[in-house]
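Enquirer: Structure file run.pdb (PDB, C-alpha atoms, pLDDT in the B column) is given on the next line.
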```
ATOM      1  CA  LYS C   1      -7.599 236.318 257.895  1.00 71.00           C
ATOM      2  CA  ALA C   2      -4.139 234.853 258.216  1.00 84.00           C
ATOM      3  CA  GLY C   3      -1.716 235.774 255.463  1.00 94.00           C
ATOM      4  CA  VAL C   4       0.396 233.544 253.289  1.00 97.00           C
ATOM      5  CA  THR C   5       2.917 231.597 255.328  1.00 98.00           C
ATOM      6  CA  GLN C   6       6.154 230.044 254.122  1.00 98.00           C
ATOM      7  CA  THR C   7       8.452 227.619 255.864  1.00 98.00           C
ATOM      8  CA  PRO C   8      11.270 227.591 256.531  1.00 98.00           C
ATOM      9  CA  ARG C   9      12.144 231.268 256.458  1.00 97.00           C
ATOM     10  CA  TYR C  10      15.875 230.667 256.094  1.00 97.00           C
ATOM     11  CA  LEU C  11      17.802 227.711 254.781  1.00 97.00           C
ATOM     12  CA  ILE C  12      21.435 226.939 254.129  1.00 98.00           C
ATOM     13  CA  LYS C  13      22.278 224.002 251.879  1.00 98.00           C
ATOM     14  CA  THR C  14      25.348 222.742 250.065  1.00 98.00           C
ATOM     15  CA  ARG C  15      25.731 222.127 246.351  1.00 98.00           C
ATOM     16  CA  GLY C  16      24.217 218.892 245.170  1.00 98.00           C
ATOM     17  CA  GLN C  17      21.655 218.640 247.962  1.00 98.00           C
ATOM     18  CA  GLN C  18      17.941 218.992 247.477  1.00 98.00           C
ATOM     19  CA  VAL C  19      15.487 221.217 249.273  1.00 98.00           C
ATOM     20  CA  THR C  20      11.736 221.395 249.815  1.00 98.00           C
ATOM     21  CA  LEU C  21       9.972 224.648 250.572  1.00 98.00           C
ATOM     22  CA  SER C  22       6.423 224.934 251.820  1.00 98.00           C
ATOM     23  CA  CYS C  23       3.705 227.508 251.289  1.00 98.00           C
ATOM     24  CA  SER C  24       0.294 227.790 252.951  1.00 98.00           C
ATOM     25  CA  PRO C  25      -2.028 230.135 251.058  1.00 97.00           C
ATOM     26  CA  ILE C  26      -4.716 232.384 252.433  1.00 97.00           C
ATOM     27  CA  SER C  27      -7.815 230.394 253.297  1.00 95.00           C
ATOM     28  CA  GLY C  28     -10.074 230.125 250.265  1.00 93.00           C
ATOM     29  CA  HIS C  29      -7.340 230.861 247.743  1.00 94.00           C
ATOM     30  CA  ARG C  30      -6.940 228.111 245.185  1.00 93.00           C
ATOM     31  CA  SER C  31      -4.015 229.452 243.183  1.00 94.00           C
ATOM     32  CA  VAL C  32      -0.445 229.326 244.424  1.00 97.00           C
ATOM     33  CA  SER C  33       2.431 230.724 242.393  1.00 96.00           C
ATOM     34  CA  TRP C  34       6.136 230.505 243.081  1.00 97.00           C
ATOM     35  CA  TYR C  35       8.771 233.098 242.240  1.00 97.00           C
ATOM     36  CA  GLN C  36      12.528 233.315 242.517  1.00 97.00           C
ATOM     37  CA  GLN C  37      13.877 236.733 243.430  1.00 96.00           C
ATOM     38  CA  THR C  38      17.506 237.702 242.989  1.00 93.00           C
ATOM     39  CA  PRO C  39      19.002 241.207 243.039  1.00 85.00           C
ATOM     40  CA  GLY C  40      19.810 241.298 239.353  1.00 74.00           C
ATOM     41  CA  GLN C  41      16.823 239.462 237.903  1.00 79.00           C
ATOM     42  CA  GLY C  42      13.838 240.738 239.809  1.00 85.00           C
ATOM     43  CA  LEU C  43      10.888 238.380 240.187  1.00 92.00           C
ATOM     44  CA  GLN C  44      11.216 235.281 238.035  1.00 93.00           C
ATOM     45  CA  PHE C  45       8.084 233.170 237.714  1.00 94.00           C
ATOM     46  CA  LEU C  46       8.605 229.481 238.465  1.00 96.00           C
ATOM     47  CA  PHE C  47       5.162 227.883 238.269  1.00 94.00           C
ATOM     48  CA  GLU C  48       1.529 228.217 239.240  1.00 95.00           C
ATOM     49  CA  TYR C  49      -0.767 225.618 240.709  1.00 95.00           C
ATOM     50  CA  PHE C  50      -4.518 225.838 240.711  1.00 94.00           C
ATOM     51  CA  SER C  51      -6.712 223.134 242.214  1.00 92.00           C
ATOM     52  CA  GLU C  52      -3.751 220.744 242.389  1.00 94.00           C
ATOM     53  CA  THR C  53      -2.882 221.175 238.697  1.00 94.00           C
ATOM     54  CA  GLN C  54       0.132 222.992 237.324  1.00 93.00           C
ATOM     55  CA  ARG C  55      -1.273 225.689 235.064  1.00 90.00           C
ATOM     56  CA  ASN C  56       1.804 227.591 233.989  1.00 88.00           C
ATOM     57  CA  LYS C  57       5.510 227.100 234.164  1.00 91.00           C
ATOM     58  CA  GLY C  58       8.363 229.555 233.787  1.00 91.00           C
ATOM     59  CA  ASN C  59      11.724 228.998 232.131  1.00 91.00           C
ATOM     60  CA  PHE C  60      13.478 227.046 234.831  1.00 95.00           C
ATOM     61  CA  PRO C  61      15.240 223.687 234.530  1.00 96.00           C
ATOM     62  CA  GLY C  62      13.547 220.459 235.509  1.00 96.00           C
ATOM     63  CA  ARG C  63      15.415 220.496 238.826  1.00 97.00           C
ATOM     64  CA  PHE C  64      12.666 222.851 239.977  1.00 98.00           C
ATOM     65  CA  SER C  65       9.376 221.132 240.627  1.00 97.00           C
ATOM     66  CA  GLY C  66       6.315 221.657 242.703  1.00 97.00           C
ATOM     67  CA  ARG C  67       2.983 220.302 243.728  1.00 97.00           C
ATOM     68  CA  GLN C  68      -0.219 221.393 245.362  1.00 97.00           C
ATOM     69  CA  PHE C  69      -2.297 219.452 247.825  1.00 96.00           C
ATOM     70  CA  SER C  70      -6.063 219.243 248.132  1.00 95.00           C
ATOM     71  CA  ASN C  71      -6.022 221.861 250.899  1.00 93.00           C
ATOM     72  CA  SER C  72      -4.218 224.249 248.467  1.00 95.00           C
ATOM     73  CA  ARG C  73      -0.964 224.097 250.381  1.00 97.00           C
ATOM     74  CA  SER C  74       1.969 223.891 247.998  1.00 98.00           C
ATOM     75  CA  GLU C  75       5.514 222.642 248.079  1.00 98.00           C
ATOM     76  CA  MET C  76       8.424 223.470 245.847  1.00 98.00           C
ATOM     77  CA  ASN C  77      11.400 221.177 245.426  1.00 98.00           C
ATOM     78  CA  VAL C  78      14.814 221.930 244.020  1.00 98.00           C
ATOM     79  CA  SER C  79      17.101 218.989 243.401  1.00 96.00           C
ATOM     80  CA  THR C  80      20.861 218.987 242.845  1.00 97.00           C
ATOM     81  CA  LEU C  81      21.289 222.483 244.167  1.00 98.00           C
ATOM     82  CA  GLU C  82      23.677 224.877 242.436  1.00 98.00           C
ATOM     83  CA  LEU C  83      25.287 228.029 243.789  1.00 97.00           C
ATOM     84  CA  GLY C  84      23.104 230.084 241.444  1.00 95.00           C
ATOM     85  CA  ASP C  85      19.981 228.805 243.182  1.00 97.00           C
ATOM     86  CA  SER C  86      20.717 231.078 246.130  1.00 97.00           C
ATOM     87  CA  ALA C  87      17.761 233.448 246.198  1.00 97.00           C
ATOM     88  CA  LEU C  88      14.621 234.518 247.966  1.00 97.00           C
ATOM     89  CA  TYR C  89      11.789 232.171 247.025  1.00 98.00           C
ATOM     90  CA  LEU C  90       8.385 233.760 247.252  1.00 98.00           C
ATOM     91  CA  CYS C  91       5.033 232.149 246.990  1.00 97.00           C
ATOM     92  CA  ALA C  92       1.878 234.065 246.277  1.00 97.00           C
ATOM     93  CA  SER C  93      -1.743 233.019 246.542  1.00 96.00           C
ATOM     94  CA  SER C  94      -4.803 234.399 244.814  1.00 95.00           C
ATOM     95  CA  LEU C  95      -8.499 233.644 244.585  1.00 92.00           C
ATOM     96  CA  GLY C  96      -8.262 232.675 240.960  1.00 87.00           C
ATOM     97  CA  VAL C  97      -5.720 232.192 238.252  1.00 82.00           C
ATOM     98  CA  ARG C  98      -2.710 234.428 238.211  1.00 80.00           C
ATOM     99  CA  GLY C  99      -3.100 237.591 236.215  1.00 81.00           C
ATOM    100  CA  THR C 100      -6.780 238.109 236.856  1.00 84.00           C
ATOM    101  CA  TYR C 101      -6.738 238.481 240.607  1.00 90.00           C
ATOM    102  CA  GLU C 102      -4.393 240.284 242.928  1.00 93.00           C
ATOM    103  CA  GLN C 103      -1.627 238.182 244.402  1.00 95.00           C
ATOM    104  CA  TYR C 104      -0.810 237.985 248.081  1.00 97.00           C
ATOM    105  CA  PHE C 105       2.826 237.222 248.704  1.00 97.00           C
ATOM    106  CA  GLY C 106       4.308 235.353 251.623  1.00 98.00           C
ATOM    107  CA  PRO C 107       7.430 236.530 253.472  1.00 97.00           C
ATOM    108  CA  GLY C 108       9.630 234.207 251.427  1.00 97.00           C
ATOM    109  CA  THR C 109      12.264 231.585 252.115  1.00 98.00           C
ATOM    110  CA  ARG C 110      15.844 232.807 251.898  1.00 97.00           C
ATOM    111  CA  LEU C 111      17.898 229.949 250.439  1.00 98.00           C
ATOM    112  CA  THR C 112      21.663 230.067 250.535  1.00 98.00           C
ATOM    113  CA  VAL C 113      23.622 227.417 248.669  1.00 98.00           C
ATOM    114  CA  THR C 114      27.280 227.020 249.624  1.00 97.00           C
TER     115      THR C 114
ATOM    116  CA  GLY N   1       8.687 235.821 225.464  1.00 64.00           C
ATOM    117  CA  GLN N   2       6.600 238.817 226.382  1.00 68.00           C
ATOM    118  CA  GLN N   3       8.441 241.616 228.094  1.00 86.00           C
ATOM    119  CA  VAL N   4       7.460 244.329 230.493  1.00 92.00           C
ATOM    120  CA  MET N   5      10.028 247.080 230.889  1.00 95.00           C
ATOM    121  CA  GLN N   6      10.183 249.507 233.776  1.00 96.00           C
ATOM    122  CA  ILE N   7      11.774 252.917 233.451  1.00 95.00           C
ATOM    123  CA  PRO N   8      13.817 254.013 235.272  1.00 94.00           C
ATOM    124  CA  GLN N   9      15.249 251.073 237.207  1.00 93.00           C
ATOM    125  CA  TYR N  10      16.452 253.375 239.969  1.00 95.00           C
ATOM    126  CA  GLN N  11      15.047 256.669 241.158  1.00 95.00           C
ATOM    127  CA  HIS N  12      16.469 258.889 243.866  1.00 96.00           C
ATOM    128  CA  VAL N  13      14.382 261.872 244.915  1.00 97.00           C
ATOM    129  CA  GLN N  14      14.343 264.526 247.588  1.00 97.00           C
ATOM    130  CA  GLU N  15      11.552 264.255 250.107  1.00 97.00           C
ATOM    131  CA  GLY N  16       8.663 266.385 248.921  1.00 97.00           C
ATOM    132  CA  GLU N  17       9.400 265.990 245.210  1.00 97.00           C
ATOM    133  CA  ASP N  18       6.988 264.540 242.666  1.00 96.00           C
ATOM    134  CA  PHE N  19       8.061 261.897 240.198  1.00 92.00           C
ATOM    135  CA  THR N  20       6.688 259.451 237.647  1.00 96.00           C
ATOM    136  CA  THR N  21       7.807 255.952 236.760  1.00 96.00           C
ATOM    137  CA  TYR N  22       6.761 254.022 233.686  1.00 97.00           C
ATOM    138  CA  CYS N  23       5.959 250.491 232.657  1.00 97.00           C
ATOM    139  CA  ASN N  24       6.016 249.549 228.974  1.00 97.00           C
ATOM    140  CA  SER N  25       4.937 246.356 227.253  1.00 95.00           C
ATOM    141  CA  SER N  26       5.825 245.050 223.829  1.00 90.00           C
ATOM    142  CA  THR N  27       2.262 243.770 223.430  1.00 91.00           C
ATOM    143  CA  THR N  28      -1.250 244.803 224.392  1.00 94.00           C
ATOM    144  CA  LEU N  29      -2.156 243.923 227.948  1.00 95.00           C
ATOM    145  CA  SER N  30      -5.445 242.684 229.392  1.00 93.00           C
ATOM    146  CA  ASN N  31      -4.649 244.362 232.675  1.00 94.00           C
ATOM    147  CA  ILE N  32      -1.770 245.680 234.712  1.00 96.00           C
ATOM    148  CA  GLN N  33      -1.007 245.321 238.381  1.00 96.00           C
ATOM    149  CA  TRP N  34       1.360 247.311 240.585  1.00 98.00           C
ATOM    150  CA  TYR N  35       3.131 245.993 243.662  1.00 97.00           C
ATOM    151  CA  LYS N  36       5.404 247.593 246.239  1.00 98.00           C
ATOM    152  CA  GLN N  37       8.186 245.786 248.082  1.00 97.00           C
ATOM    153  CA  ARG N  38       9.713 247.530 251.068  1.00 97.00           C
ATOM    154  CA  PRO N  39      13.378 246.788 251.853  1.00 94.00           C
ATOM    155  CA  GLY N  40      13.571 243.360 253.485  1.00 93.00           C
ATOM    156  CA  GLY N  41       9.902 242.710 252.816  1.00 95.00           C
ATOM    157  CA  HIS N  42       7.754 240.994 250.243  1.00 96.00           C
ATOM    158  CA  PRO N  43       5.736 242.466 247.364  1.00 97.00           C
ATOM    159  CA  VAL N  44       2.386 243.921 248.373  1.00 97.00           C
ATOM    160  CA  PHE N  45      -0.418 244.489 245.872  1.00 96.00           C
ATOM    161  CA  LEU N  46      -1.245 248.151 245.268  1.00 97.00           C
ATOM    162  CA  ILE N  47      -3.675 248.355 242.373  1.00 97.00           C
ATOM    163  CA  GLN N  48      -5.033 246.713 239.239  1.00 96.00           C
ATOM    164  CA  LEU N  49      -5.976 248.609 236.074  1.00 97.00           C
ATOM    165  CA  VAL N  50      -8.140 247.003 233.422  1.00 95.00           C
ATOM    166  CA  LYS N  51      -9.684 249.636 231.162  1.00 96.00           C
ATOM    167  CA  SER N  52      -7.970 251.648 228.459  1.00 97.00           C
ATOM    168  CA  GLY N  53      -7.069 255.101 229.817  1.00 97.00           C
ATOM    169  CA  GLU N  54      -8.070 254.134 233.356  1.00 97.00           C
ATOM    170  CA  VAL N  55      -6.787 256.338 236.165  1.00 98.00           C
ATOM    171  CA  LYS N  56      -6.875 255.343 239.828  1.00 98.00           C
ATOM    172  CA  LYS N  57      -5.642 257.246 242.852  1.00 97.00           C
ATOM    173  CA  GLN N  58      -4.474 256.056 246.234  1.00 97.00           C
ATOM    174  CA  LYS N  59      -3.690 259.062 248.413  1.00 96.00           C
ATOM    175  CA  ARG N  60      -0.512 260.511 246.872  1.00 97.00           C
ATOM    176  CA  LEU N  61      -0.168 257.730 244.262  1.00 97.00           C
ATOM    177  CA  THR N  62      -1.804 258.035 240.844  1.00 98.00           C
ATOM    178  CA  PHE N  63      -1.843 255.067 238.484  1.00 98.00           C
ATOM    179  CA  GLN N  64      -2.705 255.269 234.813  1.00 98.00           C
ATOM    180  CA  PHE N  65      -3.244 252.667 232.093  1.00 98.00           C
ATOM    181  CA  GLY N  66      -2.399 253.854 228.605  1.00 97.00           C
ATOM    182  CA  GLU N  67      -5.020 254.248 225.878  1.00 96.00           C
ATOM    183  CA  ALA N  68      -3.419 251.464 223.833  1.00 96.00           C
ATOM    184  CA  LYS N  69      -3.103 249.272 226.944  1.00 96.00           C
ATOM    185  CA  LYS N  70       0.609 248.879 226.325  1.00 96.00           C
ATOM    186  CA  ASN N  71       1.921 251.086 229.060  1.00 97.00           C
ATOM    187  CA  SER N  72       1.213 252.325 232.521  1.00 98.00           C
ATOM    188  CA  SER N  73       2.533 254.989 234.819  1.00 98.00           C
ATOM    189  CA  LEU N  74       2.779 255.560 238.543  1.00 98.00           C
ATOM    190  CA  HIS N  75       3.004 259.147 239.734  1.00 98.00           C
ATOM    191  CA  ILE N  76       3.882 259.930 243.340  1.00 97.00           C
ATOM    192  CA  THR N  77       3.176 263.395 244.688  1.00 97.00           C
ATOM    193  CA  ALA N  78       5.179 264.910 247.548  1.00 97.00           C
ATOM    194  CA  THR N  79       7.365 261.840 248.070  1.00 97.00           C
ATOM    195  CA  GLN N  80       7.848 260.730 251.646  1.00 97.00           C
ATOM    196  CA  THR N  81      10.443 258.444 253.220  1.00 96.00           C
ATOM    197  CA  THR N  82       7.683 255.865 253.673  1.00 96.00           C
ATOM    198  CA  ASP N  83       7.514 255.567 249.866  1.00 97.00           C
ATOM    199  CA  VAL N  84      10.958 253.928 249.796  1.00 97.00           C
ATOM    200  CA  GLY N  85      10.982 250.493 248.199  1.00 96.00           C
ATOM    201  CA  THR N  86      10.853 248.712 244.872  1.00 96.00           C
ATOM    202  CA  TYR N  87       7.765 249.136 242.717  1.00 97.00           C
ATOM    203  CA  PHE N  88       6.895 246.355 240.313  1.00 97.00           C
ATOM    204  CA  CYS N  89       4.415 246.424 237.501  1.00 97.00           C
ATOM    205  CA  ALA N  90       3.023 243.187 236.108  1.00 95.00           C
ATOM    206  CA  GLY N  91       0.897 242.775 233.025  1.00 94.00           C
ATOM    207  CA  THR N  92      -1.042 239.959 231.407  1.00 91.00           C
ATOM    208  CA  PRO N  93      -0.529 239.890 227.614  1.00 89.00           C
ATOM    209  CA  GLN N  94      -3.812 239.790 225.726  1.00 88.00           C
ATOM    210  CA  GLY N  95      -4.578 236.569 223.924  1.00 81.00           C
ATOM    211  CA  GLY N  96      -1.377 234.825 224.922  1.00 70.00           C
ATOM    212  CA  SER N  97      -0.654 231.911 227.151  1.00 68.00           C
ATOM    213  CA  GLU N  98       1.558 233.875 229.506  1.00 69.00           C
ATOM    214  CA  LYS N  99       0.082 235.357 232.619  1.00 80.00           C
ATOM    215  CA  LEU N 100       1.258 238.239 234.717  1.00 87.00           C
ATOM    216  CA  VAL N 101       4.679 239.135 233.337  1.00 90.00           C
ATOM    217  CA  PHE N 102       6.599 241.135 235.929  1.00 93.00           C
ATOM    218  CA  GLY N 103       8.888 244.027 235.185  1.00 94.00           C
ATOM    219  CA  LYS N 104      12.266 244.082 236.924  1.00 93.00           C
ATOM    220  CA  GLY N 105      11.139 246.809 239.283  1.00 95.00           C
ATOM    221  CA  MET N 106      11.927 250.445 239.996  1.00 96.00           C
ATOM    222  CA  LYS N 107      13.906 250.998 243.180  1.00 96.00           C
ATOM    223  CA  LEU N 108      13.029 254.266 244.891  1.00 96.00           C
ATOM    224  CA  THR N 109      15.222 255.942 247.461  1.00 97.00           C
ATOM    225  CA  VAL N 110      14.288 259.186 249.189  1.00 96.00           C
ATOM    226  CA  ASN N 111      16.631 261.773 250.627  1.00 94.00           C
ATOM    227  CA  PRO N 112      15.042 263.253 253.768  1.00 91.00           C
TER     228      PRO N 112
END
```
What do you get writing this file as structure tokens?

Expert:
Amino acid sequence: KAGVTQTPRYLIKTRGQQVTLSCSPISGHRSVSWYQQTPGQGLQFLFEYFSETQRNKGNFPGRFSGRQFSNSRSEMNVSTLELGDSALYLCASSLGVRGTYEQYFGPGTRLTVT
Amino acid sequence: GQQVMQIPQYQHVQEGEDFTTYCNSSTTLSNIQWYKQRPGGHPVFLIQLVKSGEVKKQKRLTFQFGEAKKNSSLHITATQTTDVGTYFCAGTPQGGSEKLVFGKGMKLTVNP
């Protein structure tokens, strides 16, 4: 089975721009979660989508949004980028809702905001 | 919000040594998961513990869930350089709306 894929793998943007990241889960997985990882803060939960519905949301500003399509693929959007948004963005898929099933992480998208 | 604390945050050991790292929650957990992230890689699922007092072993790694389901430990025997990485625990608070709260991780380095 193919693993979780994320595109692009690396991205450089300037402040004020917006960015869209994509995640394709493992076939058959209906839950996709997004995390922001920075050296000082560890893994910060952004949101989880299950069957195209947002189930949970972390403590991030409204500039961070996401969606899930009928094929379970998910996108994450960050508008009006700030320098502090520079991070590794990880998506993870699981068979069921987060917390009950193991999560399979993708390789991440490294976002640099200049 | 709910918190999961990992102790210590950094661990440096000599190859061949044993050590234990801990994960503590402020509330009772339904389950706990452990993940390992190698340098430059992404987190990889290691194990899930569900029952009070549960102990699971994976080769040289022993995972335990506390009797009160508020803490967990990971014990590594005869540490090898391949054990290097950051270990995360993640727990789901019982009865709450939050799911899978991650600790900040324990970074392990090994001196060969």

Enquirer: I need the residue set behind the PyMOL selection byres ((chain C) within 6 of (chain N)) for this file; please write it as number ranges by chain.

Expert: C: 42, 99, 107

Enquirer: Kindly indicate which residue among C:Ser31, C:Gln41, C:Ser22, C:Ser72 lies nearest to Leu90 in chain C, using only C-alpha atoms for the distances.

Expert: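 The answer is C:Ser22, which sits nearest to Leu90 in chain C.
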
Enquirer: So how far away is CA of Ala92 in chain C from CA of Gly62 in chain C, in Å?

Expert: 20.9 Å

Enquirer: Using all atoms listed in the file for the distances, tell me which of N:Ala78, N:Ala68, N:Val110, N:Val4 is nearest to Gly16 in chain N.

Expert: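 When distances to Gly16 in chain N are compared using all atoms listed in the file, the smallest one comes from N:Ala78.
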
Enquirer: Can you tell me which residues surround Lys59 in chain N at a distance of at most 12 Å, considering only C-alpha atoms, apart from same-chain residues fewer than 3 positions away, and format the answer as a VMD selection string?

Expert: chain N and resid 46 56 62 to 63 75 to 79 83
